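The file model_14.txt contains compact mmCIF, N, CA and C atoms:
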# COMPACT_ATOMS: atom_id res chain seq x y z
N MET A 1 106.98 98.70 100.38
CA MET A 1 105.74 98.08 100.02
C MET A 1 105.85 96.58 100.26
N LYS A 2 104.68 96.00 100.47
CA LYS A 2 104.63 94.58 100.74
C LYS A 2 103.46 93.98 99.96
N THR A 3 103.59 92.74 99.56
CA THR A 3 102.53 92.06 98.85
C THR A 3 102.15 90.79 99.59
N GLY A 4 100.95 90.32 99.32
CA GLY A 4 100.52 89.08 99.94
C GLY A 4 99.45 88.42 99.08
N THR A 5 99.28 87.14 99.28
CA THR A 5 98.27 86.39 98.56
C THR A 5 97.64 85.35 99.47
N ASP A 6 96.45 84.93 99.08
CA ASP A 6 95.86 83.74 99.66
C ASP A 6 95.19 83.00 98.51
N ASP A 7 94.40 81.99 98.78
CA ASP A 7 93.84 81.20 97.70
C ASP A 7 92.72 81.91 96.93
N GLN A 8 92.31 83.10 97.38
CA GLN A 8 91.23 83.81 96.69
C GLN A 8 91.57 85.25 96.32
N SER A 9 92.70 85.79 96.77
CA SER A 9 92.97 87.21 96.51
C SER A 9 94.46 87.53 96.63
N PHE A 10 94.77 88.78 96.30
CA PHE A 10 96.12 89.29 96.50
C PHE A 10 96.01 90.73 96.96
N TRP A 11 97.07 91.25 97.53
CA TRP A 11 97.08 92.64 97.97
C TRP A 11 98.48 93.21 97.86
N VAL A 12 98.51 94.52 97.75
CA VAL A 12 99.75 95.28 97.74
C VAL A 12 99.53 96.43 98.71
N GLY A 13 100.46 96.66 99.61
CA GLY A 13 100.26 97.72 100.58
C GLY A 13 101.55 98.16 101.24
N PHE A 14 101.39 99.11 102.12
CA PHE A 14 102.51 99.64 102.89
C PHE A 14 102.55 98.95 104.25
N THR A 15 103.71 98.93 104.87
CA THR A 15 103.85 98.34 106.20
C THR A 15 104.56 99.31 107.13
N GLY A 16 104.43 99.07 108.41
CA GLY A 16 105.14 99.85 109.42
C GLY A 16 104.80 101.33 109.44
N LYS A 17 105.79 102.15 109.68
CA LYS A 17 105.62 103.61 109.77
C LYS A 17 105.08 104.18 108.47
N VAL A 18 105.53 103.65 107.35
CA VAL A 18 105.05 104.12 106.05
C VAL A 18 103.55 103.89 105.93
N SER A 19 103.06 102.77 106.46
CA SER A 19 101.63 102.48 106.44
C SER A 19 100.85 103.52 107.24
N GLN A 20 101.38 103.91 108.38
CA GLN A 20 100.73 104.92 109.22
C GLN A 20 100.68 106.26 108.49
N ILE A 21 101.78 106.66 107.88
CA ILE A 21 101.84 107.93 107.14
C ILE A 21 100.87 107.89 105.96
N ALA A 22 100.85 106.79 105.24
CA ALA A 22 99.94 106.65 104.10
C ALA A 22 98.49 106.75 104.55
N ASP A 23 98.15 106.15 105.67
CA ASP A 23 96.79 106.19 106.19
C ASP A 23 96.37 107.61 106.55
N VAL A 24 97.27 108.35 107.17
CA VAL A 24 96.99 109.75 107.54
C VAL A 24 96.68 110.57 106.29
N HIS A 25 97.48 110.41 105.26
CA HIS A 25 97.28 111.18 104.03
C HIS A 25 96.07 110.68 103.24
N GLN A 26 95.84 109.38 103.22
CA GLN A 26 94.72 108.81 102.47
C GLN A 26 93.39 109.31 103.02
N HIS A 27 93.28 109.42 104.34
CA HIS A 27 92.00 109.74 104.97
C HIS A 27 91.93 111.15 105.55
N GLY A 28 93.00 111.92 105.46
CA GLY A 28 92.98 113.28 105.98
C GLY A 28 92.88 113.33 107.50
N LEU A 29 93.77 112.65 108.17
CA LEU A 29 93.75 112.55 109.63
C LEU A 29 94.74 113.52 110.27
N ARG A 30 94.85 113.43 111.58
CA ARG A 30 95.82 114.23 112.33
C ARG A 30 96.99 113.34 112.72
N ASP A 31 98.19 113.94 112.73
CA ASP A 31 99.38 113.19 113.12
C ASP A 31 100.44 114.18 113.58
N ARG A 32 101.38 113.69 114.34
CA ARG A 32 102.50 114.52 114.76
C ARG A 32 103.67 114.27 113.82
N PRO A 33 104.20 115.31 113.17
CA PRO A 33 105.31 115.12 112.23
C PRO A 33 106.61 114.68 112.91
N SER A 34 106.73 114.94 114.20
CA SER A 34 107.88 114.45 114.97
C SER A 34 107.42 114.22 116.40
N LEU A 35 108.24 113.57 117.20
CA LEU A 35 107.84 113.23 118.57
C LEU A 35 107.52 114.45 119.42
N ARG A 36 108.20 115.55 119.21
CA ARG A 36 108.00 116.74 120.05
C ARG A 36 107.05 117.77 119.45
N ALA A 37 106.57 117.51 118.26
CA ALA A 37 105.69 118.48 117.57
C ALA A 37 104.23 118.28 117.99
N LYS A 38 103.46 119.35 117.84
CA LYS A 38 102.02 119.24 118.06
C LYS A 38 101.39 118.55 116.86
N ALA A 39 100.23 117.96 117.10
CA ALA A 39 99.52 117.26 116.03
C ALA A 39 99.09 118.26 114.95
N VAL A 40 99.16 117.82 113.72
CA VAL A 40 98.82 118.63 112.55
C VAL A 40 97.70 117.91 111.80
N SER A 41 96.73 118.68 111.31
CA SER A 41 95.68 118.11 110.46
C SER A 41 96.18 118.09 109.02
N TYR A 42 96.13 116.93 108.41
CA TYR A 42 96.56 116.79 107.02
C TYR A 42 95.32 116.71 106.13
N PRO A 43 95.35 117.37 104.98
CA PRO A 43 94.20 117.25 104.07
C PRO A 43 94.16 115.84 103.47
N LYS A 44 92.97 115.44 103.06
CA LYS A 44 92.82 114.14 102.41
C LYS A 44 93.51 114.18 101.06
N ARG A 45 94.48 113.28 100.87
CA ARG A 45 95.21 113.18 99.60
C ARG A 45 95.33 111.70 99.26
N GLU A 46 94.40 111.23 98.46
CA GLU A 46 94.38 109.81 98.14
C GLU A 46 95.65 109.40 97.39
N LEU A 47 96.27 108.34 97.86
CA LEU A 47 97.47 107.83 97.22
C LEU A 47 97.12 107.09 95.94
N LEU A 48 96.02 106.38 95.98
CA LEU A 48 95.55 105.66 94.81
C LEU A 48 94.04 105.65 94.87
N GLY A 49 93.43 106.37 93.97
CA GLY A 49 91.98 106.42 93.93
C GLY A 49 91.49 105.75 92.65
N ALA A 50 90.46 104.98 92.77
CA ALA A 50 89.90 104.32 91.60
C ALA A 50 88.38 104.42 91.67
N THR A 51 87.78 104.78 90.56
CA THR A 51 86.32 104.83 90.48
C THR A 51 85.79 103.45 90.15
N MET A 52 84.49 103.29 90.24
CA MET A 52 83.88 102.01 89.86
C MET A 52 84.12 101.73 88.37
N ALA A 53 84.12 102.78 87.54
CA ALA A 53 84.40 102.60 86.12
C ALA A 53 85.83 102.09 85.92
N ASP A 54 86.80 102.63 86.70
CA ASP A 54 88.18 102.14 86.64
C ASP A 54 88.24 100.67 87.02
N ARG A 55 87.53 100.31 88.07
CA ARG A 55 87.52 98.93 88.54
C ARG A 55 86.93 98.01 87.47
N ASP A 56 85.81 98.40 86.90
CA ASP A 56 85.17 97.59 85.87
C ASP A 56 86.08 97.41 84.65
N ARG A 57 86.74 98.49 84.24
CA ARG A 57 87.65 98.42 83.09
C ARG A 57 88.83 97.49 83.38
N LEU A 58 89.36 97.58 84.59
CA LEU A 58 90.48 96.71 84.98
C LEU A 58 90.06 95.25 84.98
N LEU A 59 88.88 94.97 85.54
CA LEU A 59 88.40 93.59 85.56
C LEU A 59 88.14 93.07 84.14
N ASP A 60 87.57 93.91 83.27
CA ASP A 60 87.35 93.50 81.88
C ASP A 60 88.67 93.14 81.20
N THR A 61 89.68 93.97 81.43
CA THR A 61 91.00 93.72 80.83
C THR A 61 91.59 92.42 81.37
N LEU A 62 91.45 92.20 82.66
CA LEU A 62 91.97 90.97 83.26
C LEU A 62 91.24 89.75 82.70
N TYR A 63 89.92 89.81 82.60
CA TYR A 63 89.15 88.69 82.08
C TYR A 63 89.53 88.40 80.62
N GLU A 64 89.71 89.45 79.82
CA GLU A 64 90.12 89.26 78.42
C GLU A 64 91.49 88.58 78.34
N HIS A 65 92.40 89.01 79.19
CA HIS A 65 93.73 88.43 79.22
C HIS A 65 93.67 86.95 79.61
N LEU A 66 92.89 86.65 80.63
CA LEU A 66 92.79 85.26 81.09
C LEU A 66 92.11 84.38 80.02
N ALA A 67 91.13 84.93 79.32
CA ALA A 67 90.44 84.16 78.29
C ALA A 67 91.35 83.85 77.10
N SER A 68 92.31 84.72 76.83
CA SER A 68 93.20 84.51 75.68
C SER A 68 94.42 83.65 76.03
N ALA A 69 94.59 83.33 77.29
CA ALA A 69 95.77 82.55 77.72
C ALA A 69 95.62 81.08 77.44
Could the structure of this file be written out as structure tokens, please?
Amino acid sequence: MKTGTDDQSFWVGFTGKVSQIADVHQHGLRDRPSLRAKAVSYPKRELLGATMADRDRLLDTLYEHLASA
């Protein structure tokens, strides 16, 4: 995993081959499991899914934390 920041945001993500594998599983794409294998369709399996309610709750918690600091 890799992290990054700029003056307005931050991110956490995968890099390299792991990023490609994560993308295939996140979106349910096709990929070859090895160089000599035929392409396989993978079902969509979200690695991290968040609803709008999850997002709102997380932001509320962050704002409360920042306000108490």
Enumerate, in order of chain and increasing residue number, the residues of stretch 37-67 of chain A with an atom no farther than 12 Å from stretch 13-21 of chain A, each with its shortest atom pair and distance in Å to one decimal, counting only C-alpha atoms, as a Markdown table.
| residue | atom | partner | partner_atom | distance |
| --- | --- | --- | --- | --- |
| A:Tyr42 | CA | A:Ile21 | CA | 10.3 |
| A:Lys44 | CA | A:Ile21 | CA | 11.9 |
| A:Arg45 | CA | A:Ile21 | CA | 11.3 |
| A:Glu46 | CA | A:Ile21 | CA | 11.8 |
| A:Leu47 | CA | A:Ile21 | CA | 10.8 |
| A:Leu48 | CA | A:Gly13 | CA | 10.9 |
**OP:** Find the distance between atom C of A:Leu35 and atom C of A:Ala22 and write it in Å to one decimal.
**Re:**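 Atom C of A:Leu35 sits 19.0 Å away from atom C of A:Ala22.
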Original post:
So how far away is atom C of A:Asp60 from atom C of A:Gln8, in Å?
Top reply: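 Pair atom C of A:Gln8 / atom C of A:Asp60 returns 17.3 Å.
Secondary structure from DSSP on the backbone puts strand (DSSP E or B) at the following positions of chain A: A:Lys2, A:Thr3, A:Gly4, A:Thr5, A:Phe10, A:Trp11, A:Val12, A:Gly13, A:Arg30, A:Asp31, A:Val40, A:Ser41.
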Residues of chain A classed as alpha helix (DSSP H) by DSSP on the backbone are to be reported as a PDB file with N, CA and C atoms, keeping the file's coordinate frame.
ATOM      1  N   GLY A  16     104.430  99.070 108.410  1.00  0.00           N
ATOM      2  CA  GLY A  16     105.140  99.850 109.420  1.00  0.00           C
ATOM      3  C   GLY A  16     104.800 101.330 109.440  1.00  0.00           C
ATOM      4  N   LYS A  17     105.790 102.150 109.680  1.00  0.00           N
ATOM      5  CA  LYS A  17     105.620 103.610 109.770  1.00  0.00           C
ATOM      6  C   LYS A  17     105.080 104.180 108.470  1.00  0.00           C
ATOM      7  N   VAL A  18     105.530 103.650 107.350  1.00  0.00           N
ATOM      8  CA  VAL A  18     105.050 104.120 106.050  1.00  0.00           C
ATOM      9  C   VAL A  18     103.550 103.890 105.930  1.00  0.00           C
ATOM     10  N   SER A  19     103.060 102.770 106.460  1.00  0.00           N
ATOM     11  CA  SER A  19     101.630 102.480 106.440  1.00  0.00           C
ATOM     12  C   SER A  19     100.850 103.520 107.240  1.00  0.00           C
ATOM     13  N   GLN A  20     101.380 103.910 108.380  1.00  0.00           N
ATOM     14  CA  GLN A  20     100.730 104.920 109.220  1.00  0.00           C
ATOM     15  C   GLN A  20     100.680 106.260 108.490  1.00  0.00           C
ATOM     16  N   ILE A  21     101.780 106.660 107.880  1.00  0.00           N
ATOM     17  CA  ILE A  21     101.840 107.930 107.140  1.00  0.00           C
ATOM     18  C   ILE A  21     100.870 107.890 105.960  1.00  0.00           C
ATOM     19  N   ALA A  22     100.850 106.790 105.240  1.00  0.00           N
ATOM     20  CA  ALA A  22      99.940 106.650 104.100  1.00  0.00           C
ATOM     21  C   ALA A  22      98.490 106.750 104.550  1.00  0.00           C
ATOM     22  N   ASP A  23      98.150 106.150 105.670  1.00  0.00           N
ATOM     23  CA  ASP A  23      96.790 106.190 106.190  1.00  0.00           C
ATOM     24  C   ASP A  23      96.370 107.610 106.550  1.00  0.00           C
ATOM     25  N   VAL A  24      97.270 108.350 107.170  1.00  0.00           N
ATOM     26  CA  VAL A  24      96.990 109.750 107.540  1.00  0.00           C
ATOM     27  C   VAL A  24      96.680 110.570 106.290  1.00  0.00           C
ATOM     28  N   HIS A  25      97.480 110.410 105.260  1.00  0.00           N
ATOM     29  CA  HIS A  25      97.280 111.180 104.030  1.00  0.00           C
ATOM     30  C   HIS A  25      96.070 110.680 103.240  1.00  0.00           C
ATOM     31  N   GLN A  26      95.840 109.380 103.220  1.00  0.00           N
ATOM     32  CA  GLN A  26      94.720 108.810 102.470  1.00  0.00           C
ATOM     33  C   GLN A  26      93.390 109.310 103.020  1.00  0.00           C
ATOM     34  N   HIS A  27      93.280 109.420 104.340  1.00  0.00           N
ATOM     35  CA  HIS A  27      92.000 109.740 104.970  1.00  0.00           C
ATOM     36  C   HIS A  27      91.930 111.150 105.550  1.00  0.00           C
ATOM     37  N   MET A  52      84.490 103.290  90.240  1.00  0.00           N
ATOM     38  CA  MET A  52      83.880 102.010  89.860  1.00  0.00           C
ATOM     39  C   MET A  52      84.120 101.730  88.370  1.00  0.00           C
ATOM     40  N   ALA A  53      84.120 102.780  87.540  1.00  0.00           N
ATOM     41  CA  ALA A  53      84.400 102.600  86.120  1.00  0.00           C
ATOM     42  C   ALA A  53      85.830 102.090  85.920  1.00  0.00           C
ATOM     43  N   ASP A  54      86.800 102.630  86.700  1.00  0.00           N
ATOM     44  CA  ASP A  54      88.180 102.140  86.640  1.00  0.00           C
ATOM     45  C   ASP A  54      88.240 100.670  87.020  1.00  0.00           C
ATOM     46  N   ARG A  55      87.530 100.310  88.070  1.00  0.00           N
ATOM     47  CA  ARG A  55      87.520  98.930  88.540  1.00  0.00           C
ATOM     48  C   ARG A  55      86.930  98.010  87.470  1.00  0.00           C
ATOM     49  N   ASP A  56      85.810  98.400  86.900  1.00  0.00           N
ATOM     50  CA  ASP A  56      85.170  97.590  85.870  1.00  0.00           C
ATOM     51  C   ASP A  56      86.080  97.410  84.650  1.00  0.00           C
ATOM     52  N   ARG A  57      86.740  98.490  84.240  1.00  0.00           N
ATOM     53  CA  ARG A  57      87.650  98.420  83.090  1.00  0.00           C
ATOM     54  C   ARG A  57      88.830  97.490  83.380  1.00  0.00           C
ATOM     55  N   LEU A  58      89.360  97.580  84.590  1.00  0.00           N
ATOM     56  CA  LEU A  58      90.480  96.710  84.980  1.00  0.00           C
ATOM     57  C   LEU A  58      90.060  95.250  84.980  1.00  0.00           C
ATOM     58  N   LEU A  59      88.880  94.970  85.540  1.00  0.00           N
ATOM     59  CA  LEU A  59      88.400  93.590  85.560  1.00  0.00           C
ATOM     60  C   LEU A  59      88.140  93.070  84.140  1.00  0.00           C
ATOM     61  N   ASP A  60      87.570  93.910  83.270  1.00  0.00           N
ATOM     62  CA  ASP A  60      87.350  93.500  81.880  1.00  0.00           C
ATOM     63  C   ASP A  60      88.670  93.140  81.200  1.00  0.00           C
ATOM     64  N   THR A  61      89.680  93.970  81.430  1.00  0.00           N
ATOM     65  CA  THR A  61      91.000  93.720  80.830  1.00  0.00           C
ATOM     66  C   THR A  61      91.590  92.420  81.370  1.00  0.00           C
ATOM     67  N   LEU A  62      91.450  92.200  82.660  1.00  0.00           N
ATOM     68  CA  LEU A  62      91.970  90.970  83.260  1.00  0.00           C
ATOM     69  C   LEU A  62      91.240  89.750  82.700  1.00  0.00           C
ATOM     70  N   TYR A  63      89.920  89.810  82.600  1.00  0.00           N
ATOM     71  CA  TYR A  63      89.150  88.690  82.080  1.00  0.00           C
ATOM     72  C   TYR A  63      89.530  88.400  80.620  1.00  0.00           C
ATOM     73  N   GLU A  64      89.710  89.450  79.820  1.00  0.00           N
ATOM     74  CA  GLU A  64      90.120  89.260  78.420  1.00  0.00           C
ATOM     75  C   GLU A  64      91.490  88.580  78.340  1.00  0.00           C
ATOM     76  N   HIS A  65      92.400  89.010  79.190  1.00  0.00           N
ATOM     77  CA  HIS A  65      93.730  88.430  79.220  1.00  0.00           C
ATOM     78  C   HIS A  65      93.670  86.950  79.610  1.00  0.00           C
ATOM     79  N   LEU A  66      92.890  86.650  80.630  1.00  0.00           N
ATOM     80  CA  LEU A  66      92.790  85.260  81.090  1.00  0.00           C
ATOM     81  C   LEU A  66      92.110  84.380  80.020  1.00  0.00           C
ATOM     82  N   ALA A  67      91.130  84.930  79.320  1.00  0.00           N
ATOM     83  CA  ALA A  67      90.440  84.160  78.290  1.00  0.00           C
ATOM     84  C   ALA A  67      91.350  83.850  77.100  1.00  0.00           C
ATOM     85  N   SER A  68      92.310  84.720  76.830  1.00  0.00           N
ATOM     86  CA  SER A  68      93.200  84.510  75.680  1.00  0.00           C
ATOM     87  C   SER A  68      94.420  83.650  76.030  1.00  0.00           C
TER      88      SER A  68
END
If the box runs along x, y and z of the file and leaves 5 Å on each side of stretch 51-61 of chain A, what are its centre and edge lengths in Å, one decimal, as AutoDock Vina command-line options?
--center_x 87.7 --center_y 98.6 --center_z 85.7 --size_x 17.7 --size_y 22.4 --size_z 19.7
**OP:** Please indicate the distance in Å from atom C of A:Ser41 to atom C of A:Val24, rounded to one decimal place.
**Re:**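 If I compute the distance from atom C of A:Ser41 to atom C of A:Val24, I get 8.0 Å.
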Any chance you could model all heavy atoms for stretch 58-69 of chain A and send them as a CSV table (one decimal), keeping the file's coordinate frame?
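And here's selection15.csv as it stands now:
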chain,number,residue,atom,x,y,z
A,58,LEU,N,89.4,97.6,84.6
A,58,LEU,CA,90.5,96.7,85.0
A,58,LEU,C,90.1,95.2,85.0
A,58,LEU,O,90.8,94.4,84.5
A,58,LEU,CB,91.0,97.1,86.4
A,58,LEU,CG,92.1,96.3,86.9
A,58,LEU,CD1,93.4,96.4,86.0
A,58,LEU,CD2,92.5,96.8,88.3
A,59,LEU,N,88.9,95.0,85.5
A,59,LEU,CA,88.4,93.6,85.6
A,59,LEU,C,88.1,93.1,84.1
A,59,LEU,O,88.5,91.9,83.8
A,59,LEU,CB,87.1,93.5,86.4
A,59,LEU,CG,87.4,93.6,87.9
A,59,LEU,CD1,86.0,93.6,88.6
A,59,LEU,CD2,88.2,92.4,88.4
A,60,ASP,N,87.6,93.9,83.3
A,60,ASP,CA,87.4,93.5,81.9
A,60,ASP,C,88.7,93.1,81.2
A,60,ASP,O,88.8,92.1,80.5
A,60,ASP,CB,86.6,94.6,81.1
A,60,ASP,CG,85.2,94.8,81.5
A,60,ASP,OD1,84.6,93.9,82.1
A,60,ASP,OD2,84.6,95.8,81.1
A,61,THR,N,89.7,94.0,81.4
A,61,THR,CA,91.0,93.7,80.8
A,61,THR,C,91.6,92.4,81.4
A,61,THR,O,92.2,91.6,80.6
A,61,THR,CB,92.0,94.9,81.1
A,61,THR,OG1,91.4,96.1,80.6
A,61,THR,CG2,93.3,94.7,80.5
A,62,LEU,N,91.4,92.2,82.7
A,62,LEU,CA,92.0,91.0,83.3
A,62,LEU,C,91.2,89.8,82.7
A,62,LEU,O,91.9,88.8,82.3
A,62,LEU,CB,91.8,91.0,84.8
A,62,LEU,CG,92.2,89.8,85.6
A,62,LEU,CD1,93.7,89.5,85.4
A,62,LEU,CD2,91.9,89.9,87.0
A,63,TYR,N,89.9,89.8,82.6
A,63,TYR,CA,89.2,88.7,82.1
A,63,TYR,C,89.5,88.4,80.6
A,63,TYR,O,89.7,87.2,80.2
A,63,TYR,CB,87.7,88.9,82.2
A,63,TYR,CG,87.1,89.0,83.6
A,63,TYR,CD1,86.1,89.9,83.9
A,63,TYR,CD2,87.7,88.3,84.6
A,63,TYR,CE1,85.6,90.0,85.2
A,63,TYR,CE2,87.2,88.4,85.9
A,63,TYR,CZ,86.2,89.2,86.2
A,63,TYR,OH,85.7,89.3,87.5
A,64,GLU,N,89.7,89.4,79.8
A,64,GLU,CA,90.1,89.3,78.4
A,64,GLU,C,91.5,88.6,78.3
A,64,GLU,O,91.7,87.7,77.5
A,64,GLU,CB,90.2,90.6,77.7
A,64,GLU,CG,88.8,91.2,77.4
A,64,GLU,CD,88.9,92.6,76.8
A,64,GLU,OE1,90.0,93.0,76.4
A,64,GLU,OE2,87.8,93.3,76.8
A,65,HIS,N,92.4,89.0,79.2
A,65,HIS,CA,93.7,88.4,79.2
A,65,HIS,C,93.7,87.0,79.6
A,65,HIS,O,94.3,86.1,79.0
A,65,HIS,CB,94.6,89.2,80.2
A,65,HIS,CG,96.0,88.6,80.3
A,65,HIS,ND1,96.9,88.7,79.3
A,65,HIS,CD2,96.6,87.9,81.3
A,65,HIS,CE1,98.0,88.1,79.7
A,65,HIS,NE2,97.8,87.6,80.9
A,66,LEU,N,92.9,86.6,80.6
A,66,LEU,CA,92.8,85.3,81.1
A,66,LEU,C,92.1,84.4,80.0
A,66,LEU,O,92.5,83.2,79.8
A,66,LEU,CB,92.0,85.2,82.4
A,66,LEU,CG,92.7,85.8,83.6
A,66,LEU,CD1,91.8,85.8,84.8
A,66,LEU,CD2,94.0,85.0,83.9
A,67,ALA,N,91.1,84.9,79.3
A,67,ALA,CA,90.4,84.2,78.3
A,67,ALA,C,91.4,83.8,77.1
A,67,ALA,O,91.2,82.8,76.4
A,67,ALA,CB,89.2,84.9,77.8
A,68,SER,N,92.3,84.7,76.8
A,68,SER,CA,93.2,84.5,75.7
A,68,SER,C,94.4,83.6,76.0
A,68,SER,O,95.2,83.3,75.2
A,68,SER,CB,93.7,85.8,75.1
A,68,SER,OG,94.5,86.5,76.0
A,69,ALA,N,94.6,83.3,77.3
A,69,ALA,CA,95.8,82.6,77.7
A,69,ALA,C,95.6,81.1,77.4
A,69,ALA,O,94.6,80.5,77.2
A,69,ALA,CB,96.0,82.8,79.2
